[in-house]
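Next up, protein_35.txt (compact mmCIF, C-alpha atoms and all ligand atoms):
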```txt
# COMPACT_ATOMS: atom_id res chain seq x y z
CA MET W 1 222.92 62.77 232.79
CA THR W 2 222.69 65.67 235.25
CA THR W 3 219.45 67.32 236.22
CA THR W 4 219.39 71.05 235.52
CA LEU W 5 216.14 73.02 235.67
CA ARG W 6 213.06 71.05 236.68
CA ARG W 7 213.84 68.18 239.00
CA SER W 8 211.70 65.33 240.38
CA ARG W 9 211.61 64.24 244.00
CA ILE W 10 209.99 61.51 246.05
CA LEU W 11 206.88 62.99 247.66
CA GLY W 12 206.01 59.80 249.55
CA MET W 13 206.42 56.03 249.59
CA GLY W 14 204.49 52.95 250.69
CA SER W 15 204.84 49.20 250.68
CA TYR W 16 202.77 46.10 251.23
CA VAL W 17 203.41 42.41 251.80
CA PRO W 18 200.88 39.55 252.01
CA GLU W 19 200.09 38.32 255.53
CA ARG W 20 201.36 34.76 255.06
CA VAL W 21 204.87 34.25 256.45
CA VAL W 22 206.84 31.34 254.93
CA THR W 23 209.84 30.35 257.01
CA ASN W 24 212.86 28.42 255.77
CA ASP W 25 211.59 25.39 257.66
CA ASP W 26 208.23 25.67 255.89
CA LEU W 27 210.08 25.14 252.58
CA LYS W 28 211.01 21.61 253.67
CA GLU W 29 207.50 20.63 252.57
CA TRP W 30 208.87 20.78 248.99
CA TYR W 31 212.65 20.82 249.17
CA ASP W 32 215.59 18.97 250.65
CA THR W 33 216.87 22.15 252.27
CA ASN W 34 217.53 23.57 255.69
CA HIS W 35 217.40 26.88 257.55
CA GLU W 36 221.18 26.99 258.08
CA TRP W 37 222.02 26.63 254.35
CA ILE W 38 219.51 29.31 253.32
CA VAL W 39 220.64 31.81 256.00
CA GLU W 40 224.33 31.20 255.40
CA ARG W 41 224.18 31.35 251.58
CA THR W 42 221.52 34.10 251.19
CA GLY W 43 220.64 35.81 254.50
CA ILE W 44 216.96 34.92 254.05
CA VAL W 45 215.08 33.90 257.22
CA GLU W 46 211.52 34.16 255.93
CA ARG W 47 209.53 35.59 253.03
CA ARG W 48 205.90 36.55 252.41
CA TRP W 49 203.79 34.57 249.97
CA ILE W 50 200.16 35.07 249.00
CA ALA W 51 197.74 32.50 250.41
CA GLU W 52 198.17 28.98 248.99
CA GLU W 53 194.66 29.07 247.53
CA GLY W 54 195.63 32.27 245.67
CA GLY W 55 193.25 35.17 245.34
CA GLU W 56 195.55 38.18 245.68
CA THR W 57 196.96 39.47 242.40
CA ASN W 58 200.07 41.50 241.66
CA SER W 59 197.91 44.60 241.10
CA ASP W 60 196.16 44.01 244.45
CA LEU W 61 199.50 44.18 246.28
CA ALA W 62 200.37 47.34 244.35
CA VAL W 63 197.06 49.01 245.25
CA HIS W 64 197.78 48.55 248.97
CA ALA W 65 201.29 49.96 248.55
CA ALA W 66 200.08 52.86 246.37
CA LYS W 67 197.42 53.89 248.88
CA ALA W 68 200.08 53.97 251.62
CA ALA W 69 202.42 55.97 249.33
CA LEU W 70 199.72 58.52 248.44
CA GLU W 71 198.87 58.96 252.11
CA ASP W 72 202.55 59.40 252.96
CA ALA W 73 202.86 62.00 250.18
CA GLY W 74 199.64 63.79 251.08
CA VAL W 75 198.60 63.48 247.43
CA ASP W 76 195.11 62.63 246.17
CA LYS W 77 194.96 59.79 243.61
CA ASP W 78 193.33 62.11 241.08
CA GLU W 79 196.41 64.34 241.07
CA ILE W 80 198.41 61.47 239.51
CA ASP W 81 199.28 61.99 235.83
CA MET W 82 200.85 58.63 234.99
CA VAL W 83 201.60 55.11 236.28
CA ILE W 84 204.90 53.36 235.60
CA TYR W 85 204.47 49.73 236.58
CA ALA W 86 207.53 47.52 237.03
CA THR W 87 206.98 43.79 237.28
CA MET W 88 208.18 40.47 235.88
CA THR W 89 205.19 38.58 237.32
CA PRO W 90 202.21 40.29 235.66
CA ASP W 91 198.56 39.57 236.43
CA HIS W 92 198.20 38.36 232.81
CA ALA W 93 200.41 38.11 229.71
CA PHE W 94 198.48 41.09 228.35
CA PRO W 95 197.24 43.71 228.84
CA GLY W 96 199.89 45.07 231.18
CA THR W 97 199.30 44.96 234.93
CA GLY W 98 199.26 48.77 235.01
CA VAL W 99 195.73 48.89 233.61
CA PHE W 100 194.38 46.41 236.18
CA PHE W 101 196.05 48.55 238.83
CA GLN W 102 194.57 51.69 237.27
CA ARG W 103 191.05 50.22 237.32
CA LYS W 104 191.37 49.16 240.97
CA MET W 105 192.75 52.56 242.00
CA GLY W 106 189.72 54.23 240.39
CA PHE W 107 191.56 57.22 238.92
CA SER W 108 189.00 59.66 237.55
CA LYS W 109 191.06 60.38 234.37
CA PRO W 110 192.33 57.87 231.76
CA ILE W 111 195.96 58.43 232.77
CA PRO W 112 198.68 56.55 230.83
CA CYS W 113 200.00 53.28 232.27
CA LEU W 114 203.42 52.14 231.17
CA ASP W 115 204.49 48.59 232.08
CA ILE W 116 208.19 47.85 232.12
CA ARG W 117 210.03 44.56 232.66
CA GLN W 118 213.65 44.95 233.66
CA GLN W 119 213.30 42.36 236.45
CA CYS W 120 215.36 43.18 239.56
CA THR W 121 216.58 46.44 237.99
CA ALA W 122 213.09 47.54 237.00
CA PHE W 123 212.46 49.99 239.83
CA VAL W 124 215.67 51.89 239.06
CA TYR W 125 214.69 52.02 235.36
CA ALA W 126 211.15 53.11 236.35
CA MET W 127 212.43 55.93 238.57
CA SER W 128 214.62 57.16 235.73
CA ILE W 129 211.74 57.07 233.22
CA ALA W 130 209.45 58.93 235.62
CA ASP W 131 212.19 61.51 236.20
CA GLN W 132 212.45 62.17 232.45
CA PHE W 133 208.68 62.81 232.13
CA ILE W 134 208.76 65.21 235.09
CA ARG W 135 211.93 67.02 234.02
CA THR W 136 210.57 67.72 230.55
CA GLY W 137 207.41 69.16 232.10
CA MET W 138 205.10 66.61 230.48
CA TYR W 139 203.78 65.33 233.84
CA ASP W 140 203.81 66.61 237.43
CA LYS W 141 203.03 63.53 239.52
CA ILE W 142 203.79 59.91 238.69
CA LEU W 143 203.21 56.68 240.62
CA VAL W 144 206.24 54.42 240.30
CA VAL W 145 205.25 50.85 241.16
CA GLY W 146 207.41 47.78 241.79
CA ALA W 147 205.34 44.68 242.57
CA GLU W 148 205.76 40.92 242.31
CA ILE W 149 204.05 37.63 243.06
CA HIS W 150 206.72 34.96 242.73
CA SER W 151 205.23 32.27 244.95
CA THR W 152 202.86 30.94 242.28
CA GLY W 153 205.66 30.67 239.68
CA ILE W 154 208.25 28.85 241.74
CA ASP W 155 209.35 25.33 240.88
CA ARG W 156 208.10 23.34 243.87
CA ARG W 157 209.69 20.13 242.58
CA PRO W 158 212.83 18.98 244.48
CA GLU W 159 215.13 20.19 241.67
CA GLY W 160 213.73 23.71 242.07
CA ARG W 161 215.30 24.26 245.47
CA ASP W 162 218.19 26.52 244.41
CA VAL W 163 215.84 29.21 243.05
CA GLY W 164 212.69 28.29 244.99
CA VAL W 165 214.01 29.34 248.38
CA LEU W 166 214.98 32.85 247.21
CA PHE W 167 211.83 34.62 246.11
CA GLY W 168 209.00 36.39 247.91
CA ASP W 169 205.90 38.44 247.13
CA GLY W 170 205.46 42.15 247.84
CA ALA W 171 205.07 45.64 246.46
CA GLY W 172 206.51 49.11 246.92
CA VAL W 173 205.43 52.43 245.41
CA ALA W 174 206.93 55.91 245.18
CA VAL W 175 205.00 59.08 244.38
CA LEU W 176 207.28 61.24 242.27
CA GLY W 177 206.52 64.94 241.90
CA VAL W 178 208.16 68.24 241.04
CA SER W 179 210.78 69.40 243.53
CA ASP W 180 210.38 72.92 244.88
CA ASP W 181 213.94 72.88 246.25
CA PRO W 182 216.85 72.78 243.77
CA ASP W 183 218.91 70.79 246.27
CA VAL W 184 216.30 68.04 246.74
CA GLY W 185 215.36 65.30 244.30
CA LEU W 186 216.74 62.87 241.75
CA MET W 187 220.31 63.78 240.86
CA SER W 188 221.28 61.10 238.36
CA SER W 189 220.35 57.76 236.91
CA HIS W 190 222.68 55.30 235.20
CA LEU W 191 221.02 52.38 233.40
CA TYR W 192 222.78 49.44 231.78
CA ALA W 193 221.99 46.17 230.01
CA ASP W 194 223.96 43.38 228.38
CA GLY W 195 221.99 40.61 226.71
CA LYS W 196 224.88 38.28 226.06
CA ASP W 197 224.15 36.38 229.27
CA ALA W 198 220.35 36.60 229.10
CA GLU W 199 219.94 32.86 229.61
CA ILE W 200 221.85 32.63 232.91
CA LEU W 201 218.70 33.89 234.64
CA TRP W 202 215.48 33.37 232.70
CA ILE W 203 212.27 31.52 232.05
CA GLU W 204 212.38 29.64 228.75
CA ALA W 205 208.65 29.07 228.20
CA GLU W 206 206.33 30.49 227.10
CA SER W 207 207.94 31.56 223.86
CA CYS W 208 206.33 33.18 220.82
CA SER W 209 208.50 31.00 218.56
CA ASN W 210 206.64 27.88 219.77
CA HIS W 211 203.19 26.89 218.66
CA PRO W 212 201.50 26.58 221.06
CA ARG W 213 203.57 28.92 223.17
CA ILE W 214 203.45 26.55 226.14
CA SER W 215 203.34 22.80 225.63
CA HIS W 216 202.65 19.98 228.07
CA GLU W 217 206.35 19.10 227.76
CA ASP W 218 207.32 22.65 228.79
CA ILE W 219 205.35 22.13 231.99
CA ASP W 220 206.50 18.55 232.60
CA GLU W 221 210.15 19.43 231.99
CA GLY W 222 210.03 22.59 234.11
CA ARG W 223 210.77 25.12 231.33
CA VAL W 224 208.01 27.31 232.76
CA PHE W 225 210.01 27.98 235.92
CA PRO W 226 212.83 30.48 236.53
CA LYS W 227 216.30 28.99 236.02
CA MET W 228 219.52 30.54 237.26
CA GLU W 229 223.21 29.83 237.05
CA GLY W 230 223.63 31.23 240.54
CA ARG W 231 227.40 31.58 240.69
CA LYS W 232 227.65 33.37 237.32
CA VAL W 233 224.88 35.75 238.33
CA PHE W 234 226.58 36.35 241.69
CA LYS W 235 229.91 37.18 240.03
CA ASN W 236 228.26 39.61 237.61
CA ALA W 237 226.35 41.28 240.43
CA VAL W 238 229.40 41.96 242.58
CA THR W 239 231.23 43.63 239.68
CA ARG W 240 228.31 45.53 238.06
CA LEU W 241 226.83 46.98 241.26
CA PRO W 242 229.98 48.88 242.32
CA GLN W 243 230.38 50.13 238.71
CA ALA W 244 226.84 51.54 238.69
CA MET W 245 227.39 53.19 242.05
CA MET W 246 230.74 54.69 241.04
CA ALA W 247 229.22 56.13 237.84
CA GLY W 248 226.68 58.06 239.91
CA MET W 249 229.27 59.16 242.47
CA GLN W 250 231.56 60.48 239.74
CA GLU W 251 228.80 62.32 237.93
CA ASN W 252 227.62 63.98 241.14
CA LYS W 253 231.18 64.51 242.42
CA LEU W 254 230.48 62.61 245.64
CA THR W 255 232.67 60.73 248.08
CA LEU W 256 231.44 57.82 250.19
CA ASP W 257 231.22 60.25 253.13
CA ASP W 258 228.55 62.20 251.24
CA VAL W 259 226.32 59.12 250.84
CA ASP W 260 223.93 58.61 253.77
CA MET W 261 222.30 55.34 252.70
CA VAL W 262 222.52 52.76 249.92
CA ILE W 263 219.26 50.95 249.14
CA PRO W 264 220.35 47.92 247.13
CA HIS W 265 218.30 45.28 245.39
CA GLN W 266 217.76 42.35 247.74
CA ALA W 267 219.00 39.22 245.95
CA ASN W 268 221.51 37.92 248.44
CA LEU W 269 222.88 39.41 251.66
CA ARG W 270 226.35 38.16 250.71
CA ILE W 271 226.24 40.15 247.46
CA ASN W 272 225.38 43.37 249.32
CA GLU W 273 228.01 42.76 252.00
CA PHE W 274 230.60 42.00 249.33
CA VAL W 275 229.72 45.19 247.41
CA ALA W 276 229.89 47.35 250.56
CA LYS W 277 233.24 45.87 251.50
CA SER W 278 234.71 46.18 248.02
CA ILE W 279 233.94 49.91 247.79
CA GLY W 280 234.71 50.65 251.45
CA LEU W 281 231.14 51.54 252.43
CA PRO W 282 230.49 51.19 256.19
CA PRO W 283 227.89 48.43 256.86
CA GLU W 284 225.54 50.92 258.58
CA LYS W 285 225.23 52.82 255.30
CA ILE W 286 223.59 49.93 253.43
CA HIS W 287 220.09 48.78 254.31
CA ASN W 288 218.87 45.20 253.89
CA THR W 289 215.48 43.56 254.21
CA ILE W 290 216.23 40.22 252.57
CA HIS W 291 216.03 38.38 255.92
CA LYS W 292 212.29 39.08 256.16
CA PHE W 293 211.11 39.45 252.54
CA GLY W 294 213.50 37.36 250.40
CA ASN W 295 214.02 38.58 246.84
CA THR W 296 210.97 40.46 245.55
CA THR W 297 212.73 41.62 242.31
CA ALA W 298 211.03 44.87 241.14
CA GLY W 299 209.51 45.30 244.61
CA SER W 300 212.70 44.98 246.57
CA ILE W 301 214.16 48.51 246.31
CA PRO W 302 210.99 50.46 247.18
CA MET W 303 210.17 47.95 249.95
CA CYS W 304 213.70 48.31 251.32
CA MET W 305 213.52 52.11 251.15
CA VAL W 306 210.18 52.18 253.01
CA ASP W 307 211.68 49.88 255.65
CA ALA W 308 214.68 52.19 256.08
CA LEU W 309 212.34 55.20 256.37
CA GLN W 310 210.21 53.39 258.96
CA GLU W 311 213.33 52.54 260.96
CA GLY W 312 214.40 56.20 260.86
CA LYS W 313 217.54 55.38 258.87
CA ILE W 314 216.67 57.88 256.11
CA LYS W 315 215.49 61.42 256.84
CA ARG W 316 214.52 64.30 254.57
CA GLY W 317 217.67 65.81 253.08
CA ASP W 318 219.66 62.54 253.16
CA LEU W 319 221.61 61.43 250.13
CA VAL W 320 220.39 58.01 248.97
CA CYS W 321 221.70 55.65 246.30
CA MET W 322 219.35 53.01 244.86
CA LEU W 323 221.40 50.23 243.38
CA ALA W 324 220.13 47.33 241.28
CA PHE W 325 221.22 44.27 239.34
CA GLY W 326 219.17 41.54 237.71
CA ALA W 327 218.16 39.33 234.82
CA GLY W 328 218.87 40.56 231.32
CA LEU W 329 221.46 41.20 232.50
CA THR W 330 220.47 44.67 233.63
CA TRP W 331 221.90 46.97 236.30
CA GLY W 332 221.91 50.59 237.35
CA SER W 333 221.84 53.27 240.03
CA VAL W 334 219.78 56.29 241.00
CA PHE W 335 221.17 58.98 243.28
CA LEU W 336 218.73 61.28 245.02
CA ARG W 337 218.51 63.82 247.81
CA TYR W 338 215.44 62.62 249.71
O1 LIG W 401 217.76 38.89 241.82
C1 LIG W 401 218.39 38.56 240.63
C2 LIG W 401 219.82 38.35 240.81
N1 LIG W 401 220.05 37.11 241.52
C3 LIG W 401 221.19 36.95 242.18
O2 LIG W 401 221.98 37.87 242.22
C4 LIG W 401 221.49 35.62 242.83
C5 LIG W 401 222.96 35.31 242.69
N2 LIG W 401 223.33 33.97 243.16
C6 LIG W 401 223.24 33.61 244.44
O3 LIG W 401 222.76 34.36 245.27
C7 LIG W 401 223.81 32.27 244.85
O4 LIG W 401 224.51 31.73 243.76
C8 LIG W 401 222.73 31.26 245.35
C9 LIG W 401 222.17 31.71 246.70
C10 LIG W 401 221.59 31.16 244.35
C11 LIG W 401 223.35 29.87 245.54
O5 LIG W 401 224.45 29.97 246.42
P1 LIG W 401 225.86 29.30 246.02
O6 LIG W 401 226.76 29.52 247.14
O7 LIG W 401 226.25 29.87 244.68
O8 LIG W 401 225.50 27.78 245.95
P2 LIG W 401 225.63 26.74 244.73
O9 LIG W 401 224.54 27.01 243.74
O10 LIG W 401 227.02 26.72 244.21
O11 LIG W 401 225.34 25.39 245.47
C12 LIG W 401 226.18 24.92 246.53
C13 LIG W 401 225.60 23.63 247.05
C14 LIG W 401 225.26 22.62 245.96
O12 LIG W 401 225.53 21.33 246.45
P3 LIG W 401 226.92 20.58 246.09
O13 LIG W 401 226.93 20.51 244.58
O14 LIG W 401 228.00 21.44 246.65
O15 LIG W 401 226.76 19.25 246.76
C15 LIG W 401 223.78 22.79 245.77
O16 LIG W 401 223.16 21.62 245.28
O17 LIG W 401 224.35 23.91 247.73
C16 LIG W 401 223.32 23.06 247.18
N3 LIG W 401 222.06 23.77 247.26
C17 LIG W 401 221.25 23.74 248.32
N4 LIG W 401 221.33 23.12 249.50
C18 LIG W 401 220.32 23.30 250.38
C19 LIG W 401 221.51 24.58 246.30
N5 LIG W 401 220.34 25.06 246.75
C20 LIG W 401 220.16 24.55 247.99
C21 LIG W 401 219.13 24.71 248.94
N6 LIG W 401 219.25 24.06 250.13
N7 LIG W 401 218.04 25.49 248.72
```
What would you get if you wrote out this structure as structure tokens?
Ligand code: UT7
Amino acid sequence: MTTTLRRSRILGMGSYVPERVVTNDDLKEWYDTNHEWIVERTGIVERRWIAEEGGETNSDLAVHAAKAALEDAGVDKDEIDMVIYATMTPDHAFPGTGVFFQRKMGFSKPIPCLDIRQQCTAFVYAMSIADQFIRTGMYDKILVVGAEIHSTGIDRRPEGRDVGVLFGDGAGVAVLGVSDDPDVGLMSSHLYADGKDAEILWIEAESCSNHPRISHEDIDEGRVFPKMEGRKVFKNAVTRLPQAMMAGMQENKLTLDDVDMVIPHQANLRINEFVAKSIGLPPEKIHNTIHKFGNTTAGSIPMCMVDALQEGKIKRGDLVCMLAFGAGLTWGSVFLRY
């Protein structure tokens, strides 16, 4: 869909990662793995995890990132009209993490908090939802949050090594507001889902069809941990990501020359390199952070965007494509003039 009258734009962004660095060699404490395999197959060198004794919550990470985003935007927290909170690793099963975040932020008004769970594609979905609220005129300023704590949900048993080495903790936040320039802001969003392969990347337990929802057997047999058929997911990613990007390019009548930077989800460096090559995108036009943060699912796109901004790779006026793929399966793109 094309934006016409009122358009949203990113006013500012911020990110946060826990202090603890976990290197590939550190993972040998749990897994029969090695630095060379992880770097060669994924591009990951290290990731951030919360302290082993815990303490930090998903909403804590998001508060740090949101404060940085508000400062970057020059916006006071009490100007915010709504929170859209994307995560697959919530503080609790319910209520949604958005309300814990809201309480910690100390907003003076009871602003609405909408939690969404589209896994690695969640930030792209969240940006699109926020854009709709702003375009219709219902809200002026929205915090779009992508935050995850994976380290406490990873299978640390030897058989968990294929998934366990991939994920990290972190958060990224965008402040979306009304654009005062018709040429600046979100141009399009294309969102997709196909549930036929839902079980190739999922967590089986807990499940509302079981009573109790989690059993001792679920824990003993590892059904509480994420499971992935890596190759199938990889193949889907490298076909769906270019499709989502092409849909946005067609709608906005863009060529690859018009695109200044692609900010892709960070699941695997090989996926992003494959996608860039398959569509003919020069490597300098795609930014990656997977080497230092691993896969932070809903957090990965805003964290990657902040990193690109900090490195001076995106400036005001640049044309940016956010590109995501993940469990569900879900995928999508957002094109914006920053
Ligand atoms: O963010 C959501 C979306 N997620 C993705 O898009 C992830 C998509 N998938 C992938 O990125 C890749 O499939 C992985 C990185 C997960 C795995 O890479 P792969 O090249 O597909 O490896 P594989 O699963 O086919 O395993 C190859 C070998 C196996 O050994 P054999 O059977 O060849 O002897 C695995 O047992 O590598 C072995 N292996 C490991 N070795 C060392 C699997 N995990 C590890 C490990 N360390 N951590």
Interface rows for stretch 208-290 of chain W against stretch 80-102 of chain W: nearest pair, Å to one decimal, 12 Å, only C-alpha atoms, as a Markdown table:
```
| residue | atom | partner | partner_atom | distance |
| --- | --- | --- | --- | --- |
| W:Cys208 | CA | W:Ala93 | CA | 11.8 |
| W:Arg213 | CA | W:Ala93 | CA | 11.7 |
| W:Phe225 | CA | W:Thr89 | CA | 11.7 |
| W:Pro226 | CA | W:Met88 | CA | 11.0 |
```
Distance query stretch 189-204 of chain W at most 8 Å, only C-alpha atoms, self and fewer than 2 positions along chain excluded, as JSON, numbers by chain: {"W": [1, 124, 125, 128, 186, 187, 206, 207, 223, 224, 225, 226, 227, 228, 229, 230, 232, 233, 244, 247, 248, 327, 328, 329, 330, 331, 332, 333, 334, 335]}
Stretch 21-33 of chain W environment, 10 Å, only C-alpha atoms, sequence neighbours closer than 6 positions dropped, as a list in words: Val39, Ile44, Val45, Glu46, Arg47, Arg48, Trp49, Ile50, Ala51, Asp155, Arg156, Arg157, Pro158, Glu159, Gly160, Arg161, Asp162, Gly164, Val165, Leu166, Gly168, Lys292 and Phe293 of chain W
Give the answer as one residue: which of W:Ile116, W:Gly153, W:Val259, W:Leu11 has the shortest atom-to-atom distance to W:Asp140, using only C-alpha atoms? W:Leu11
Spatial neighbours of W:Asp260, max dist 12 Å, all atoms listed in the file, sep filter under 3 positions, as a list in words: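 Answer for this query is Leu254, Thr255, Leu256, Asp257, Ile263, Leu281, Pro282, Pro283, Glu284, Lys285, Ile286, His287, Ala308, Lys313, Ile314, Lys315, Arg316, Gly317, Asp318, Leu319, Val320, Cys321, Met322, Phe335, Leu336, Arg337 and Tyr338 of chain W.
For the atom pair formed by atom CA of W:Asp220 and atom C16 of ligand LIG 401 (chain W), the distance is 22.7 Å, given to one decimal.
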Reconstructed N, CA, C and O atoms for stretch 251-263 of chain W, given as a PDB file, in the frame of the given file:
```pdb
ATOM      1  N   GLU W 251     229.587  61.275 238.583  1.00  0.00           N
ATOM      2  CA  GLU W 251     228.800  62.320 237.930  1.00  0.00           C
ATOM      3  C   GLU W 251     228.395  63.423 238.920  1.00  0.00           C
ATOM      4  O   GLU W 251     228.390  64.604 238.586  1.00  0.00           O
ATOM      5  N   ASN W 252     228.077  63.005 240.140  1.00  0.00           N
ATOM      6  CA  ASN W 252     227.620  63.980 241.140  1.00  0.00           C
ATOM      7  C   ASN W 252     228.763  64.507 242.018  1.00  0.00           C
ATOM      8  O   ASN W 252     228.524  65.231 242.970  1.00  0.00           O
ATOM      9  N   LYS W 253     229.983  64.074 241.679  1.00  0.00           N
ATOM     10  CA  LYS W 253     231.180  64.510 242.420  1.00  0.00           C
ATOM     11  C   LYS W 253     231.023  64.253 243.928  1.00  0.00           C
ATOM     12  O   LYS W 253     231.157  65.143 244.759  1.00  0.00           O
ATOM     13  N   LEU W 254     230.718  62.990 244.245  1.00  0.00           N
ATOM     14  CA  LEU W 254     230.480  62.610 245.640  1.00  0.00           C
ATOM     15  C   LEU W 254     231.607  61.711 246.130  1.00  0.00           C
ATOM     16  O   LEU W 254     232.224  60.986 245.344  1.00  0.00           O
ATOM     17  N   THR W 255     231.832  61.741 247.441  1.00  0.00           N
ATOM     18  CA  THR W 255     232.670  60.730 248.080  1.00  0.00           C
ATOM     19  C   THR W 255     231.742  59.829 248.892  1.00  0.00           C
ATOM     20  O   THR W 255     230.562  60.155 249.082  1.00  0.00           O
ATOM     21  N   LEU W 256     232.270  58.726 249.384  1.00  0.00           N
ATOM     22  CA  LEU W 256     231.440  57.820 250.190  1.00  0.00           C
ATOM     23  C   LEU W 256     230.914  58.515 251.436  1.00  0.00           C
ATOM     24  O   LEU W 256     229.839  58.188 251.935  1.00  0.00           O
ATOM     25  N   ASP W 257     231.675  59.498 251.950  1.00  0.00           N
ATOM     26  CA  ASP W 257     231.220  60.250 253.130  1.00  0.00           C
ATOM     27  C   ASP W 257     229.932  61.009 252.849  1.00  0.00           C
ATOM     28  O   ASP W 257     229.142  61.259 253.753  1.00  0.00           O
ATOM     29  N   ASP W 258     229.749  61.423 251.580  1.00  0.00           N
ATOM     30  CA  ASP W 258     228.550  62.200 251.240  1.00  0.00           C
ATOM     31  C   ASP W 258     227.295  61.325 251.207  1.00  0.00           C
ATOM     32  O   ASP W 258     226.179  61.834 251.313  1.00  0.00           O
ATOM     33  N   VAL W 259     227.473  60.021 251.003  1.00  0.00           N
ATOM     34  CA  VAL W 259     226.320  59.120 250.840  1.00  0.00           C
ATOM     35  C   VAL W 259     225.801  58.721 252.221  1.00  0.00           C
ATOM     36  O   VAL W 259     226.553  58.233 253.063  1.00  0.00           O
ATOM     37  N   ASP W 260     224.500  58.971 252.461  1.00  0.00           N
ATOM     38  CA  ASP W 260     223.930  58.610 253.770  1.00  0.00           C
ATOM     39  C   ASP W 260     223.426  57.179 253.788  1.00  0.00           C
ATOM     40  O   ASP W 260     223.524  56.509 254.809  1.00  0.00           O
ATOM     41  N   MET W 261     222.837  56.704 252.683  1.00  0.00           N
ATOM     42  CA  MET W 261     222.300  55.340 252.700  1.00  0.00           C
ATOM     43  C   MET W 261     222.234  54.755 251.289  1.00  0.00           C
ATOM     44  O   MET W 261     221.817  55.432 250.354  1.00  0.00           O
ATOM     45  N   VAL W 262     222.679  53.513 251.177  1.00  0.00           N
ATOM     46  CA  VAL W 262     222.520  52.760 249.920  1.00  0.00           C
ATOM     47  C   VAL W 262     221.342  51.805 250.110  1.00  0.00           C
ATOM     48  O   VAL W 262     221.274  51.066 251.101  1.00  0.00           O
ATOM     49  N   ILE W 263     220.417  51.863 249.156  1.00  0.00           N
ATOM     50  CA  ILE W 263     219.260  50.950 249.140  1.00  0.00           C
ATOM     51  C   ILE W 263     219.494  50.005 247.969  1.00  0.00           C
ATOM     52  O   ILE W 263     219.185  50.335 246.816  1.00  0.00           O
TER      53      ILE W 263
END
```
